[in-house]
file query25.cif (mmCIF, C-alpha atoms)
data_target
#
loop_
_atom_site.label_atom_id
_atom_site.label_comp_id
_atom_site.auth_asym_id
_atom_site.auth_seq_id
_atom_site.Cartn_x
_atom_site.Cartn_y
_atom_site.Cartn_z
CA MET A 1 0.94 -13.14 -81.31
CA PRO A 2 2.77 -9.91 -82.32
CA ARG A 3 0.75 -7.73 -84.68
CA ALA A 4 3.44 -7.89 -87.40
CA ALA A 5 3.38 -11.67 -87.33
CA ALA A 6 -0.42 -11.75 -87.36
CA ALA A 7 -0.45 -9.59 -90.49
CA ASP A 8 1.89 -12.03 -92.24
CA ARG A 9 0.36 -15.36 -91.28
CA PRO A 10 -2.53 -16.74 -89.26
CA PHE A 11 -1.92 -18.66 -86.09
CA ILE A 12 -4.80 -20.98 -86.95
CA VAL A 13 -6.83 -21.90 -90.03
CA ILE A 14 -10.26 -23.45 -89.54
CA TRP A 15 -11.72 -25.39 -92.47
CA GLU A 16 -15.40 -26.27 -92.51
CA ALA A 17 -15.03 -29.58 -94.36
CA THR A 18 -18.78 -30.08 -94.66
CA GLN A 19 -22.05 -28.75 -93.28
CA ALA A 20 -23.54 -32.24 -93.09
CA CYS A 21 -24.37 -33.31 -89.53
CA PRO A 22 -27.08 -35.48 -87.99
CA LEU A 23 -27.45 -33.19 -84.96
CA ALA A 24 -29.77 -30.19 -84.60
CA CYS A 25 -27.78 -28.03 -82.18
CA ARG A 26 -29.58 -24.94 -80.94
CA HIS A 27 -26.56 -22.68 -81.46
CA CYS A 28 -25.27 -24.06 -84.78
CA ARG A 29 -23.44 -21.41 -86.77
CA ALA A 30 -23.64 -23.46 -89.96
CA THR A 31 -27.32 -24.38 -89.62
CA ALA A 32 -26.08 -27.87 -90.45
CA ARG A 33 -28.20 -30.28 -92.48
CA PRO A 34 -28.31 -34.06 -92.92
CA GLN A 35 -26.86 -34.23 -96.44
CA ARG A 36 -23.53 -33.06 -97.84
CA ASP A 37 -23.48 -30.10 -100.20
CA PRO A 38 -22.51 -31.28 -103.71
CA HIS A 39 -20.52 -28.07 -104.11
CA GLU A 40 -18.25 -28.55 -101.10
CA LEU A 41 -14.51 -28.83 -101.79
CA THR A 42 -13.46 -32.11 -103.40
CA THR A 43 -10.61 -34.19 -102.03
CA ASP A 44 -8.18 -32.66 -104.53
CA GLN A 45 -9.39 -29.14 -103.77
CA ALA A 46 -9.06 -29.80 -100.05
CA VAL A 47 -5.48 -31.00 -100.52
CA ASP A 48 -4.78 -27.84 -102.52
CA LEU A 49 -6.22 -25.79 -99.63
CA MET A 50 -3.82 -27.48 -97.22
CA THR A 51 -0.99 -26.82 -99.67
CA GLN A 52 -1.97 -23.14 -99.58
CA VAL A 53 -1.87 -23.20 -95.78
CA ALA A 54 1.63 -24.67 -95.91
CA GLU A 55 2.64 -21.78 -98.20
CA PHE A 56 2.61 -19.45 -95.19
CA GLY A 57 5.91 -21.09 -94.26
CA ARG A 58 7.26 -22.46 -91.04
CA PRO A 59 5.99 -22.70 -88.48
CA ALA A 60 2.83 -23.52 -90.39
CA PRO A 61 -0.51 -22.36 -88.98
CA LEU A 62 -2.50 -24.86 -86.97
CA PHE A 63 -5.07 -26.51 -89.23
CA VAL A 64 -8.42 -27.58 -87.79
CA ILE A 65 -10.95 -29.62 -89.77
CA THR A 66 -14.43 -28.85 -88.51
CA GLY A 67 -18.02 -28.94 -89.79
CA GLY A 68 -20.88 -29.87 -89.56
CA ASP A 69 -19.48 -33.23 -88.69
CA PRO A 70 -16.17 -33.94 -90.48
CA PHE A 71 -16.79 -37.68 -90.17
CA GLN A 72 -19.54 -37.27 -92.76
CA ARG A 73 -16.68 -37.03 -95.30
CA PRO A 74 -15.38 -40.50 -96.24
CA ASP A 75 -12.01 -38.96 -97.15
CA LEU A 76 -11.39 -37.46 -93.68
CA THR A 77 -8.52 -39.80 -92.74
CA THR A 78 -6.92 -39.31 -96.16
CA LEU A 79 -7.08 -35.55 -95.71
CA VAL A 80 -5.54 -35.71 -92.24
CA ARG A 81 -2.69 -37.83 -93.64
CA ARG A 82 -2.06 -35.49 -96.58
CA GLY A 83 -2.13 -32.44 -94.33
CA THR A 84 0.37 -34.05 -91.98
CA GLU A 85 2.62 -34.91 -94.93
CA LEU A 86 2.52 -31.24 -95.91
CA GLY A 87 3.89 -30.33 -92.48
CA LEU A 88 0.64 -29.12 -90.91
CA ALA A 89 -0.39 -29.75 -87.31
CA VAL A 90 -3.85 -31.15 -88.06
CA SER A 91 -6.69 -31.36 -85.55
CA VAL A 92 -10.30 -32.43 -86.02
CA SER A 93 -13.52 -31.17 -84.45
CA PRO A 94 -16.11 -33.98 -84.74
CA SER A 95 -19.71 -33.97 -83.55
CA GLY A 96 -20.91 -36.29 -80.81
CA THR A 97 -22.43 -38.91 -83.09
CA PRO A 98 -22.09 -42.69 -83.51
CA THR A 99 -19.39 -42.06 -86.14
CA VAL A 100 -16.92 -41.05 -83.41
CA THR A 101 -15.81 -44.55 -82.47
CA ARG A 102 -12.52 -45.53 -80.88
CA GLU A 103 -11.51 -47.12 -84.19
CA ALA A 104 -12.26 -43.92 -86.10
CA LEU A 105 -10.31 -41.84 -83.60
CA ALA A 106 -7.41 -44.27 -83.72
CA GLY A 107 -7.44 -43.90 -87.51
CA LEU A 108 -7.16 -40.11 -87.19
CA HIS A 109 -4.26 -40.47 -84.79
CA ALA A 110 -2.49 -42.96 -87.05
CA ALA A 111 -2.94 -40.52 -89.97
CA GLY A 112 -1.20 -37.80 -87.95
CA ALA A 113 -3.94 -35.86 -86.18
CA ARG A 114 -2.70 -34.13 -83.04
CA ALA A 115 -5.97 -33.42 -81.24
CA VAL A 116 -9.75 -33.43 -81.35
CA SER A 117 -12.19 -30.96 -79.88
CA LEU A 118 -15.49 -32.12 -78.42
CA SER A 119 -18.44 -30.09 -77.20
CA LEU A 120 -19.92 -30.27 -73.71
CA ASP A 121 -22.56 -27.58 -73.23
CA ALA A 122 -24.23 -28.66 -70.00
CA ALA A 123 -23.30 -30.54 -66.87
CA THR A 124 -26.04 -33.16 -67.19
CA ALA A 125 -26.90 -35.55 -70.01
CA TRP A 126 -30.49 -34.40 -70.41
CA ALA A 127 -29.53 -30.72 -70.63
CA HIS A 128 -26.68 -31.33 -73.06
CA ASP A 129 -28.84 -33.55 -75.26
CA GLY A 130 -31.56 -30.91 -75.23
CA PHE A 131 -29.06 -28.29 -76.37
CA ARG A 132 -27.79 -30.55 -79.15
CA GLY A 133 -31.25 -31.64 -80.28
CA VAL A 134 -30.65 -35.41 -80.22
CA ALA A 135 -30.89 -37.89 -77.34
CA GLY A 136 -27.73 -39.78 -76.41
CA VAL A 137 -25.22 -37.17 -77.60
CA HIS A 138 -23.83 -36.60 -74.11
CA GLU A 139 -23.04 -40.29 -73.66
CA LEU A 140 -21.36 -40.44 -77.07
CA THR A 141 -19.33 -37.31 -76.32
CA VAL A 142 -18.05 -38.57 -72.97
CA ARG A 143 -17.17 -41.91 -74.51
CA ALA A 144 -15.33 -40.17 -77.35
CA TRP A 145 -13.45 -38.09 -74.76
CA ASP A 146 -12.18 -41.27 -73.09
CA ASP A 147 -11.50 -43.01 -76.40
CA ALA A 148 -9.56 -40.08 -77.84
CA ALA A 149 -7.31 -39.93 -74.80
CA ALA A 150 -6.86 -43.71 -74.90
CA VAL A 151 -5.59 -43.69 -78.51
CA GLY A 152 -3.18 -40.82 -77.88
CA LEU A 153 -5.12 -37.76 -79.07
CA LYS A 154 -5.17 -34.57 -77.07
CA VAL A 155 -8.67 -33.37 -76.25
CA GLN A 156 -10.08 -29.85 -76.19
CA ILE A 157 -13.53 -29.35 -74.65
CA ASN A 158 -15.74 -26.59 -76.06
CA THR A 159 -18.67 -25.11 -74.14
CA THR A 160 -21.15 -22.58 -75.50
CA VAL A 161 -22.32 -20.24 -72.76
CA THR A 162 -25.79 -18.70 -72.95
CA ARG A 163 -28.08 -17.38 -70.28
CA ASP A 164 -29.66 -20.84 -70.16
CA THR A 165 -26.37 -22.74 -69.68
CA VAL A 166 -24.20 -20.31 -67.70
CA ASN A 167 -24.99 -21.79 -64.28
CA ASP A 168 -23.53 -25.13 -65.39
CA LEU A 169 -20.05 -23.70 -65.94
CA PRO A 170 -18.59 -24.66 -62.53
CA ASP A 171 -19.77 -28.26 -62.85
CA ILE A 172 -18.47 -28.52 -66.42
CA ALA A 173 -15.13 -27.18 -65.18
CA ALA A 174 -15.11 -29.91 -62.55
CA GLN A 175 -15.65 -32.54 -65.25
CA VAL A 176 -12.83 -31.07 -67.34
CA ARG A 177 -10.50 -31.24 -64.35
CA ALA A 178 -11.55 -34.78 -63.44
CA ARG A 179 -11.27 -36.27 -66.95
CA GLY A 180 -8.41 -34.10 -68.16
CA ALA A 181 -8.20 -31.90 -71.26
CA LEU A 182 -5.64 -29.90 -73.15
CA LEU A 183 -7.90 -26.84 -73.01
CA TRP A 184 -11.41 -25.78 -72.04
CA SER A 185 -12.70 -23.25 -74.56
CA VAL A 186 -15.73 -21.33 -73.30
CA PHE A 187 -17.51 -19.82 -76.29
CA PHE A 188 -19.60 -16.69 -75.81
CA LEU A 189 -22.58 -16.95 -78.13
CA VAL A 190 -22.62 -14.97 -81.37
CA ALA A 191 -26.13 -14.67 -82.77
CA THR A 192 -25.60 -16.35 -86.14
CA GLY A 193 -27.30 -19.36 -87.70
CA ARG A 194 -29.59 -21.14 -85.26
CA GLY A 195 -27.95 -19.19 -82.44
CA ARG A 196 -30.07 -16.16 -83.28
CA GLY A 197 -32.84 -17.66 -81.18
CA LEU A 198 -30.78 -18.16 -78.02
CA PRO A 199 -30.44 -15.71 -75.11
CA GLY A 200 -26.86 -14.51 -74.81
CA LEU A 201 -25.23 -12.78 -71.87
CA ASP A 202 -25.37 -9.03 -71.41
CA ALA A 203 -22.25 -6.97 -70.68
CA ALA A 204 -22.49 -7.25 -66.89
CA GLU A 205 -23.04 -11.00 -67.01
CA ALA A 206 -20.15 -11.44 -69.45
CA GLU A 207 -17.89 -9.49 -67.09
CA ASP A 208 -18.90 -11.78 -64.23
CA VAL A 209 -18.20 -14.92 -66.27
CA LEU A 210 -14.85 -13.67 -67.57
CA ASN A 211 -13.72 -13.00 -64.01
CA ILE A 212 -14.84 -16.50 -63.04
CA LEU A 213 -12.85 -17.98 -65.95
CA TYR A 214 -9.85 -15.98 -64.80
CA GLU A 215 -10.10 -17.56 -61.37
CA VAL A 216 -10.91 -21.12 -62.47
CA GLY A 217 -7.79 -21.00 -64.63
CA GLU A 218 -5.86 -21.86 -61.48
CA HIS A 219 -7.15 -25.42 -61.83
CA VAL A 220 -8.32 -25.83 -65.44
CA PRO A 221 -6.59 -24.62 -68.65
CA VAL A 222 -9.29 -22.28 -69.93
CA LYS A 223 -9.78 -19.67 -72.63
CA ALA A 224 -12.66 -17.47 -73.72
CA THR A 225 -13.72 -17.63 -77.37
CA GLU A 226 -15.46 -14.63 -79.00
CA ALA A 227 -14.92 -12.69 -75.78
CA HIS A 228 -11.70 -10.94 -76.64
CA HIS A 229 -12.08 -8.56 -73.72
CA PHE A 230 -10.91 -11.48 -71.58
CA ARG A 231 -7.47 -10.00 -72.31
CA ARG A 232 -8.62 -6.74 -70.73
CA VAL A 233 -10.00 -8.64 -67.73
CA CYS A 234 -6.65 -10.43 -67.33
CA LEU A 235 -4.83 -7.08 -67.43
CA HIS A 236 -7.29 -5.58 -64.97
CA ARG A 237 -6.84 -8.45 -62.54
CA ALA A 238 -3.04 -8.35 -62.95
CA VAL A 239 -2.98 -4.67 -61.99
CA LEU A 240 -5.17 -5.38 -58.97
CA ALA A 241 -2.97 -8.30 -57.94
CA ARG A 242 0.16 -6.13 -58.07
CA ARG A 243 -1.57 -3.66 -55.76
CA GLY A 244 -2.90 -6.36 -53.46
CA VAL A 245 -6.47 -5.24 -54.14
CA PRO A 246 -9.34 -7.71 -54.61
CA PRO A 247 -11.83 -7.26 -57.48
CA VAL A 248 -14.90 -5.20 -56.64
CA GLY A 249 -18.15 -4.30 -58.38
CA LEU A 250 -18.88 -7.76 -59.76
CA GLY A 251 -22.49 -8.86 -59.94
CA PRO A 252 -24.73 -11.59 -58.53
CA LEU A 253 -23.86 -14.04 -61.31
CA TYR A 254 -20.18 -13.85 -60.37
CA HIS A 255 -20.93 -14.49 -56.71
CA ARG A 256 -23.27 -17.38 -57.49
CA LEU A 257 -20.72 -19.07 -59.77
CA ARG A 258 -17.89 -18.35 -57.35
CA ALA A 259 -19.80 -20.01 -54.51
CA ARG A 260 -20.28 -23.14 -56.61
CA LEU A 261 -16.60 -23.16 -57.60
CA ASP A 262 -15.63 -22.86 -53.94
CA ALA A 263 -17.87 -25.82 -53.11
CA LEU A 264 -16.15 -27.85 -55.84
CA GLY A 265 -12.67 -26.76 -54.77
CA LEU A 266 -12.07 -25.11 -58.12
CA ALA A 267 -11.63 -21.39 -57.51
CA GLY A 268 -8.12 -19.96 -57.43
CA PRO A 269 -7.12 -17.16 -55.05
CA PRO A 270 -8.82 -13.91 -56.13
CA GLY A 271 -5.50 -12.04 -55.97
CA ARG A 272 -3.46 -14.36 -58.20
CA ALA A 273 -2.21 -12.84 -61.48
CA ARG A 274 -2.63 -14.70 -64.79
CA ARG A 275 -1.11 -13.87 -68.14
CA PRO A 276 -3.60 -12.93 -70.86
CA PRO A 277 -4.19 -15.36 -73.75
CA LEU A 278 -2.75 -14.84 -77.20
CA GLN A 279 -4.34 -12.06 -79.20
CA VAL A 280 -5.97 -14.14 -81.92
CA SER A 281 -9.18 -12.82 -83.44
CA ALA A 282 -11.02 -12.50 -86.74
CA ALA A 283 -8.46 -11.78 -89.54
CA ASN A 284 -5.87 -11.19 -86.83
CA GLY A 285 -4.16 -14.55 -86.59
CA PHE A 286 -7.36 -16.39 -87.49
CA VAL A 287 -8.96 -17.35 -90.81
CA PHE A 288 -11.96 -19.52 -91.68
CA VAL A 289 -12.52 -21.38 -94.96
CA SER A 290 -16.04 -22.55 -95.73
CA HIS A 291 -17.05 -25.91 -97.16
CA ARG A 292 -17.30 -24.20 -100.57
CA GLY A 293 -13.89 -22.57 -100.30
CA GLN A 294 -14.91 -19.04 -99.38
CA VAL A 295 -12.53 -17.26 -97.02
CA HIS A 296 -13.89 -15.40 -94.00
CA PRO A 297 -12.20 -13.64 -91.08
CA SER A 298 -14.15 -15.97 -88.78
CA GLY A 299 -16.81 -18.64 -89.09
CA PHE A 300 -19.08 -16.30 -87.15
CA LEU A 301 -18.40 -13.32 -89.41
CA PRO A 302 -20.06 -14.28 -92.71
CA LEU A 303 -18.36 -11.70 -94.92
CA PRO A 304 -16.35 -13.32 -97.76
CA ALA A 305 -12.94 -11.96 -98.71
CA GLY A 306 -12.03 -14.44 -101.46
CA ASP A 307 -12.23 -18.05 -102.64
CA VAL A 308 -9.40 -20.58 -102.38
CA ARG A 309 -10.50 -22.24 -105.62
CA HIS A 310 -9.55 -19.07 -107.52
CA GLN A 311 -7.06 -17.22 -105.26
CA ARG A 312 -4.22 -18.22 -102.97
CA LEU A 313 -5.03 -18.11 -99.28
CA VAL A 314 -1.76 -16.32 -98.52
CA ASP A 315 -2.77 -13.42 -100.77
CA ILE A 316 -6.31 -13.22 -99.38
CA TYR A 317 -5.14 -13.25 -95.78
CA ARG A 318 -2.37 -10.69 -96.24
CA ASN A 319 -3.99 -8.32 -98.72
CA ALA A 320 -7.80 -8.53 -98.82
CA PRO A 321 -9.23 -5.16 -97.70
CA LEU A 322 -11.55 -6.84 -95.20
CA PHE A 323 -8.63 -8.60 -93.54
CA THR A 324 -6.28 -5.61 -93.48
CA GLY A 325 -9.12 -3.43 -92.20
CA LEU A 326 -9.96 -5.75 -89.33
CA ARG A 327 -6.30 -5.79 -88.30
CA ASP A 328 -6.29 -1.99 -87.99
CA PRO A 329 -7.47 -0.92 -84.49
CA ASP A 330 -7.90 2.64 -85.72
CA ARG A 331 -10.86 1.46 -87.80
CA LEU A 332 -12.85 0.56 -84.68
CA ARG A 333 -15.82 2.70 -83.74
CA GLY A 334 -17.77 3.54 -80.61
CA ARG A 335 -16.28 2.63 -77.25
CA CYS A 336 -13.87 0.16 -78.90
CA GLY A 337 -12.47 2.95 -81.05
CA ALA A 338 -12.03 5.22 -78.03
CA CYS A 339 -10.61 2.52 -75.76
CA GLU A 340 -7.01 2.77 -74.63
CA LEU A 341 -6.80 -1.02 -74.97
CA ARG A 342 -8.10 -1.25 -78.53
CA SER A 343 -4.77 -2.70 -79.72
CA VAL A 344 -4.83 -5.21 -76.86
CA CYS A 345 -8.39 -6.44 -77.19
CA GLY A 346 -10.36 -5.18 -80.19
CA GLY A 347 -13.60 -6.87 -79.17
CA SER A 348 -15.50 -9.52 -81.09
CA ARG A 349 -15.84 -8.29 -84.65
CA ALA A 350 -18.26 -11.17 -85.31
CA ARG A 351 -20.62 -10.13 -82.52
CA ALA A 352 -20.41 -6.49 -83.53
CA TYR A 353 -21.45 -7.46 -87.04
CA ALA A 354 -24.21 -9.82 -85.85
CA VAL A 355 -25.75 -7.11 -83.67
CA THR A 356 -25.20 -3.96 -85.75
CA GLY A 357 -24.30 -5.06 -89.29
CA ASP A 358 -20.99 -3.20 -88.89
CA PRO A 359 -17.86 -5.32 -88.21
CA TYR A 360 -16.08 -2.24 -86.84
CA ALA A 361 -18.75 -1.32 -84.29
CA GLU A 362 -18.12 -1.55 -80.55
CA GLU A 363 -18.26 -4.91 -78.76
CA PRO A 364 -21.88 -5.27 -77.58
CA ILE A 365 -21.13 -7.31 -74.44
CA CYS A 366 -18.20 -5.30 -73.07
CA GLY A 367 -19.23 -2.78 -70.44
CA TYR A 368 -15.83 -1.13 -69.95
CA ARG A 369 -15.81 2.65 -70.22
CA PRO A 370 -12.59 3.90 -71.82
CA GLY A 371 -10.34 5.66 -69.34
CA SER A 372 -12.23 4.46 -66.27
CA PHE A 373 -9.41 2.29 -64.90
CA PRO A 374 -5.79 3.40 -64.34
CA TYR A 375 -3.93 0.92 -66.54
CA PRO A 376 -0.17 1.54 -66.61
CA ALA A 377 1.04 3.53 -69.60
CA ASP A 378 3.25 0.62 -70.65
CA VAL A 379 1.41 -2.68 -70.39
CA THR A 380 4.11 -4.66 -72.24
CA ASP A 381 5.17 -6.62 -69.18
CA LEU A 382 1.56 -7.54 -68.44
CA LEU A 383 0.93 -8.67 -72.02
CA ARG A 384 3.30 -11.62 -72.19
CA PRO A 385 0.82 -14.33 -73.15
CA ALA A 386 0.05 -17.53 -71.36
CA PRO A 387 1.45 -20.67 -73.05
CA SER A 388 -0.66 -21.53 -76.10
CA ALA A 389 -2.54 -24.79 -76.54
CA THR A 390 -3.04 -26.89 -79.64
CA MET A 391 -6.54 -25.79 -80.63
CA PRO A 392 -7.25 -22.18 -79.66
CA GLY A 393 -10.10 -21.68 -82.07
#
call {"tool": "encode", "arguments": {"input": "query25.cif", "output": "structure tokens"}}
result
Amino acid sequence: MPRAAAADRPFIVIWEATQACPLACRHCRATARPQRDPHELTTDQAVDLMTQVAEFGRPAPLFVITGGDPFQRPDLTTLVRRGTELGLAVSVSPSGTPTVTREALAGLHAAGARAVSLSLDAATAWAHDGFRGVAGVHELTVRAWDDAAAVGLKVQINTTVTRDTVNDLPDIAAQVRARGALLWSVFFLVATGRGRGLPGLDAAEAEDVLNILYEVGEHVPVKATEAHHFRRVCLHRAVLARRGVPPVGLGPLYHRLRARLDALGLAGPPGRARRPPLQVSAANGFVFVSHRGQVHPSGFLPLPAGDVRHQRLVDIYRNAPLFTGLRDPDRLRGRCGACELRSVCGGSRARAYAVTGDPYAEEPICGYRPGSFPYPADVTDLLRPAPSATMPG
């Protein structure tokens, strides 16, 4: 997304419809709870929020209803229908619970929903259920995957990668290829909510995984979430491919994952060039609205910039100092501020804030040293993005 366009309108708006959820996921950003918050947006307020999203004009931003578990709201289908009537491309991100039946998914599709996203965090049922805190979630998720496809919904699969789950990535990729998905979104843990207690990857491990995702993209449509330096990795690999040079200096995690991908027939040629994903990050093409109507640059960056019950979302997104500041690469500090690719990548502002308390600090899990690789002076040709998918959040 061009920077001028990103300053005018978001590419995607995520709305946390509720924090109610029967699961106890180890990484939960929202620290979800069993009961709904009595102060969450009402049906009328939610419709007004969608009206505000439509005020950005055409093409309207993608609108994703998430949670908690959105199916804990009895008005979910009504909201999907009203959003569709307003001209929004509405998607839903349910939890793997007994509420996600084929009938419920068919109701979403009939109301106008385009897609659903489901989470698969481990390659085996026992490991996934352990990560989600409730037995049987894996079975429900896989069934919902099949049911969603059967009723005509596109499916995005989300995977949270931690040091405990990283070795499952090749086998999850194989499942995504076998069952089919619009997109596989691999989320790099940000230590917020319950996720503060989980072991994330360090910079070297993140580099290994990003290079693996680059290569597995030959067979599976994949993106990295909260690892914005994936764009830098794509540029790096594109330069190497043009020179006919293989990647070097990658660590043991890369080689272990690569060997498993090779065994599964899932690794693309190391020299193949891929276009980088769209540049969509906190406040830069992306906006998050909480269940109470507070507006944040990201669901993982808990700094409020306004409230849709009292201000228009268009004004908050375009003019709030937090949002305009995060769109300015010259505000970045540390290695991000010195990096020649700061306008291309920008790092995870959410992770910087979670680790340092400063949203402009350097990306903690990027090990690149500014100026250490001879990128071409004009990277415009290398920056043409890969085709976008329905739910890039």
call {"tool": "residues_near_point", "arguments": {"input": "query25.cif", "point": "(-20.4, -35.4, -84.4)", "cutoff": "9 Å", "atoms": "all atoms listed in the file", "output": "ChimeraX atom specification"}}
result
/A:21-23,67-72,93-100,118,137,140-141
call {"tool": "write_last_selection", "arguments": {"input": "query25.cif", "atoms": "C-alpha atoms", "output": "tab-separated table (two decimals), in the frame of the given file"}}
result
chain	number	residue	atom	x	y	z
A	21	CYS	CA	-24.37	-33.31	-89.53
A	22	PRO	CA	-27.08	-35.48	-87.99
A	23	LEU	CA	-27.45	-33.19	-84.96
A	67	GLY	CA	-18.02	-28.94	-89.79
A	68	GLY	CA	-20.88	-29.87	-89.56
A	69	ASP	CA	-19.48	-33.23	-88.69
A	70	PRO	CA	-16.17	-33.94	-90.48
A	71	PHE	CA	-16.79	-37.68	-90.17
A	72	GLN	CA	-19.54	-37.27	-92.76
A	93	SER	CA	-13.52	-31.17	-84.45
A	94	PRO	CA	-16.11	-33.98	-84.74
A	95	SER	CA	-19.71	-33.97	-83.55
A	96	GLY	CA	-20.91	-36.29	-80.81
A	97	THR	CA	-22.43	-38.91	-83.09
A	98	PRO	CA	-22.09	-42.69	-83.51
A	99	THR	CA	-19.39	-42.06	-86.14
A	100	VAL	CA	-16.92	-41.05	-83.41
A	118	LEU	CA	-15.49	-32.12	-78.42
A	137	VAL	CA	-25.22	-37.17	-77.60
A	140	LEU	CA	-21.36	-40.44	-77.07
A	141	THR	CA	-19.33	-37.31	-76.32
call {"tool": "closest_residue", "arguments": {"input": "query25.cif", "among": "A:Pro10, A:Gly133, A:Pro246, A:Pro221", "to": "Gly180 in chain A", "atoms": "only C-alpha atoms"}}
result
A:Pro221
call {"tool": "closest_residue", "arguments": {"input": "query25.cif", "among": "A:Val233, A:Ala7, A:Leu41, A:Gly249", "to": "Gly325 in chain A", "atoms": "all atoms listed in the file"}}
result
A:Ala7
call {"tool": "atom_distance", "arguments": {"input": "query25.cif", "atom1": "CA of Pro61 in chain A", "atom2": "CA of Asp8 in chain A"}}
result
11.1 Å
call {"tool": "resolve_selection", "arguments": {"input": "query25.cif", "expression": "the PyMOL selection byres ((chain A and resi 296-303) around 6)", "output": "list in words"}}
result
Ala282, Ala283, Val287, Phe288, Val295, Pro304, Ala305 and Ala350 of chain A
call {"tool": "atom_distance", "arguments": {"input": "query25.cif", "atom1": "CA of Gly57 in chain A", "atom2": "CA of Arg318 in chain A"}}
result
13.4 Å
call {"tool": "residues_around", "arguments": {"input": "query25.cif", "residues": "range 48-53 of chain A", "least_positions_apart": "3", "cutoff": "10 Å", "atoms": "all atoms listed in the file", "output": "PDB file with C-alpha atoms, in the coordinates of the input"}}
result
ATOM      1  CA  ARG A   9       0.360 -15.360 -91.280  1.00  0.00           C
ATOM      2  CA  PRO A  10      -2.530 -16.740 -89.260  1.00  0.00           C
ATOM      3  CA  ILE A  12      -4.800 -20.980 -86.950  1.00  0.00           C
ATOM      4  CA  VAL A  13      -6.830 -21.900 -90.030  1.00  0.00           C
ATOM      5  CA  TRP A  15     -11.720 -25.390 -92.470  1.00  0.00           C
ATOM      6  CA  LEU A  41     -14.510 -28.830-101.790  1.00  0.00           C
ATOM      7  CA  THR A  42     -13.460 -32.110-103.400  1.00  0.00           C
ATOM      8  CA  THR A  43     -10.610 -34.190-102.030  1.00  0.00           C
ATOM      9  CA  ASP A  44      -8.180 -32.660-104.530  1.00  0.00           C
ATOM     10  CA  GLN A  45      -9.390 -29.140-103.770  1.00  0.00           C
ATOM     11  CA  PHE A  56       2.610 -19.450 -95.190  1.00  0.00           C
ATOM     12  CA  GLY A  57       5.910 -21.090 -94.260  1.00  0.00           C
ATOM     13  CA  ALA A  60       2.830 -23.520 -90.390  1.00  0.00           C
ATOM     14  CA  PRO A  61      -0.510 -22.360 -88.980  1.00  0.00           C
ATOM     15  CA  LEU A  62      -2.500 -24.860 -86.970  1.00  0.00           C
ATOM     16  CA  PHE A  63      -5.070 -26.510 -89.230  1.00  0.00           C
ATOM     17  CA  LEU A  79      -7.080 -35.550 -95.710  1.00  0.00           C
ATOM     18  CA  VAL A  80      -5.540 -35.710 -92.240  1.00  0.00           C
ATOM     19  CA  ARG A  82      -2.060 -35.490 -96.580  1.00  0.00           C
ATOM     20  CA  GLY A  83      -2.130 -32.440 -94.330  1.00  0.00           C
ATOM     21  CA  THR A  84       0.370 -34.050 -91.980  1.00  0.00           C
ATOM     22  CA  LEU A  86       2.520 -31.240 -95.910  1.00  0.00           C
ATOM     23  CA  GLY A  87       3.890 -30.330 -92.480  1.00  0.00           C
ATOM     24  CA  LEU A  88       0.640 -29.120 -90.910  1.00  0.00           C
ATOM     25  CA  VAL A  90      -3.850 -31.150 -88.060  1.00  0.00           C
ATOM     26  CA  VAL A 289     -12.520 -21.380 -94.960  1.00  0.00           C
ATOM     27  CA  GLY A 293     -13.890 -22.570-100.300  1.00  0.00           C
ATOM     28  CA  VAL A 308      -9.400 -20.580-102.380  1.00  0.00           C
ATOM     29  CA  ARG A 309     -10.500 -22.240-105.620  1.00  0.00           C
ATOM     30  CA  GLN A 311      -7.060 -17.220-105.260  1.00  0.00           C
ATOM     31  CA  ARG A 312      -4.220 -18.220-102.970  1.00  0.00           C
ATOM     32  CA  LEU A 313      -5.030 -18.110 -99.280  1.00  0.00           C
ATOM     33  CA  VAL A 314      -1.760 -16.320 -98.520  1.00  0.00           C
ATOM     34  CA  ASP A 315      -2.770 -13.420-100.770  1.00  0.00           C
TER      35      ASP A 315
END
call {"tool": "resolve_selection", "arguments": {"input": "query25.cif", "expression": "the PyMOL selection byres ((chain A and resi 173) around 8)", "output": "ChimeraX atom specification"}}
result
/A:169-172,174-177,184,216,220,266
call {"tool": "resolve_selection", "arguments": {"input": "query25.cif", "expression": "the PyMOL selection byres ((chain A and resi 215) around 12)", "output": "PyMOL selection string"}}
result
chain A and resi 170+173+208-214+216-223+230+233-234+237-238+246-247+254+257-258+261-262+265-275
call {"tool": "axis_aligned_box", "arguments": {"input": "query25.cif", "around": "range 104-112 of chain A", "padding_each_side": "3 Å", "output": "JSON"}}
result
{"center_x": -6.7, "center_y": -41.0, "center_z": -86.8, "size_x": 17.1, "size_y": 12.5, "size_z": 12.4}
call {"tool": "residues_around", "arguments": {"input": "query25.cif", "residues": "Glu205 in chain A", "least_positions_apart": "5", "cutoff": "9 Å", "atoms": "only C-alpha atoms", "output": "ChimeraX atom specification"}}
result
/A:163,210,250-254,365
call {"tool": "atom_distance", "arguments": {"input": "query25.cif", "atom1": "CA of Pro329 in chain A", "atom2": "CA of Ser343 in chain A"}}
result
5.8 Å
call {"tool": "residues_around", "arguments": {"input": "query25.cif", "residues": "Arg342 in chain A", "least_positions_apart": "3", "cutoff": "10 Å", "atoms": "all atoms listed in the file", "output": "PyMOL selection string"}}
result
chain A and resi 229+232+328-330+332+335-339+345-347+370
call {"tool": "closest_residue", "arguments": {"input": "query25.cif", "among": "A:Lys154, A:Arg132, A:Arg58, A:Arg369", "to": "Ala113 in chain A", "atoms": "all atoms listed in the file"}}
result
A:Lys154
call {"tool": "residues_around", "arguments": {"input": "query25.cif", "residues": "Gly367 in chain A", "least_positions_apart": "5", "cutoff": "9 Å", "atoms": "only C-alpha atoms", "output": "VMD selection string"}}
result
chain A and resid 202 to 204 206 to 207
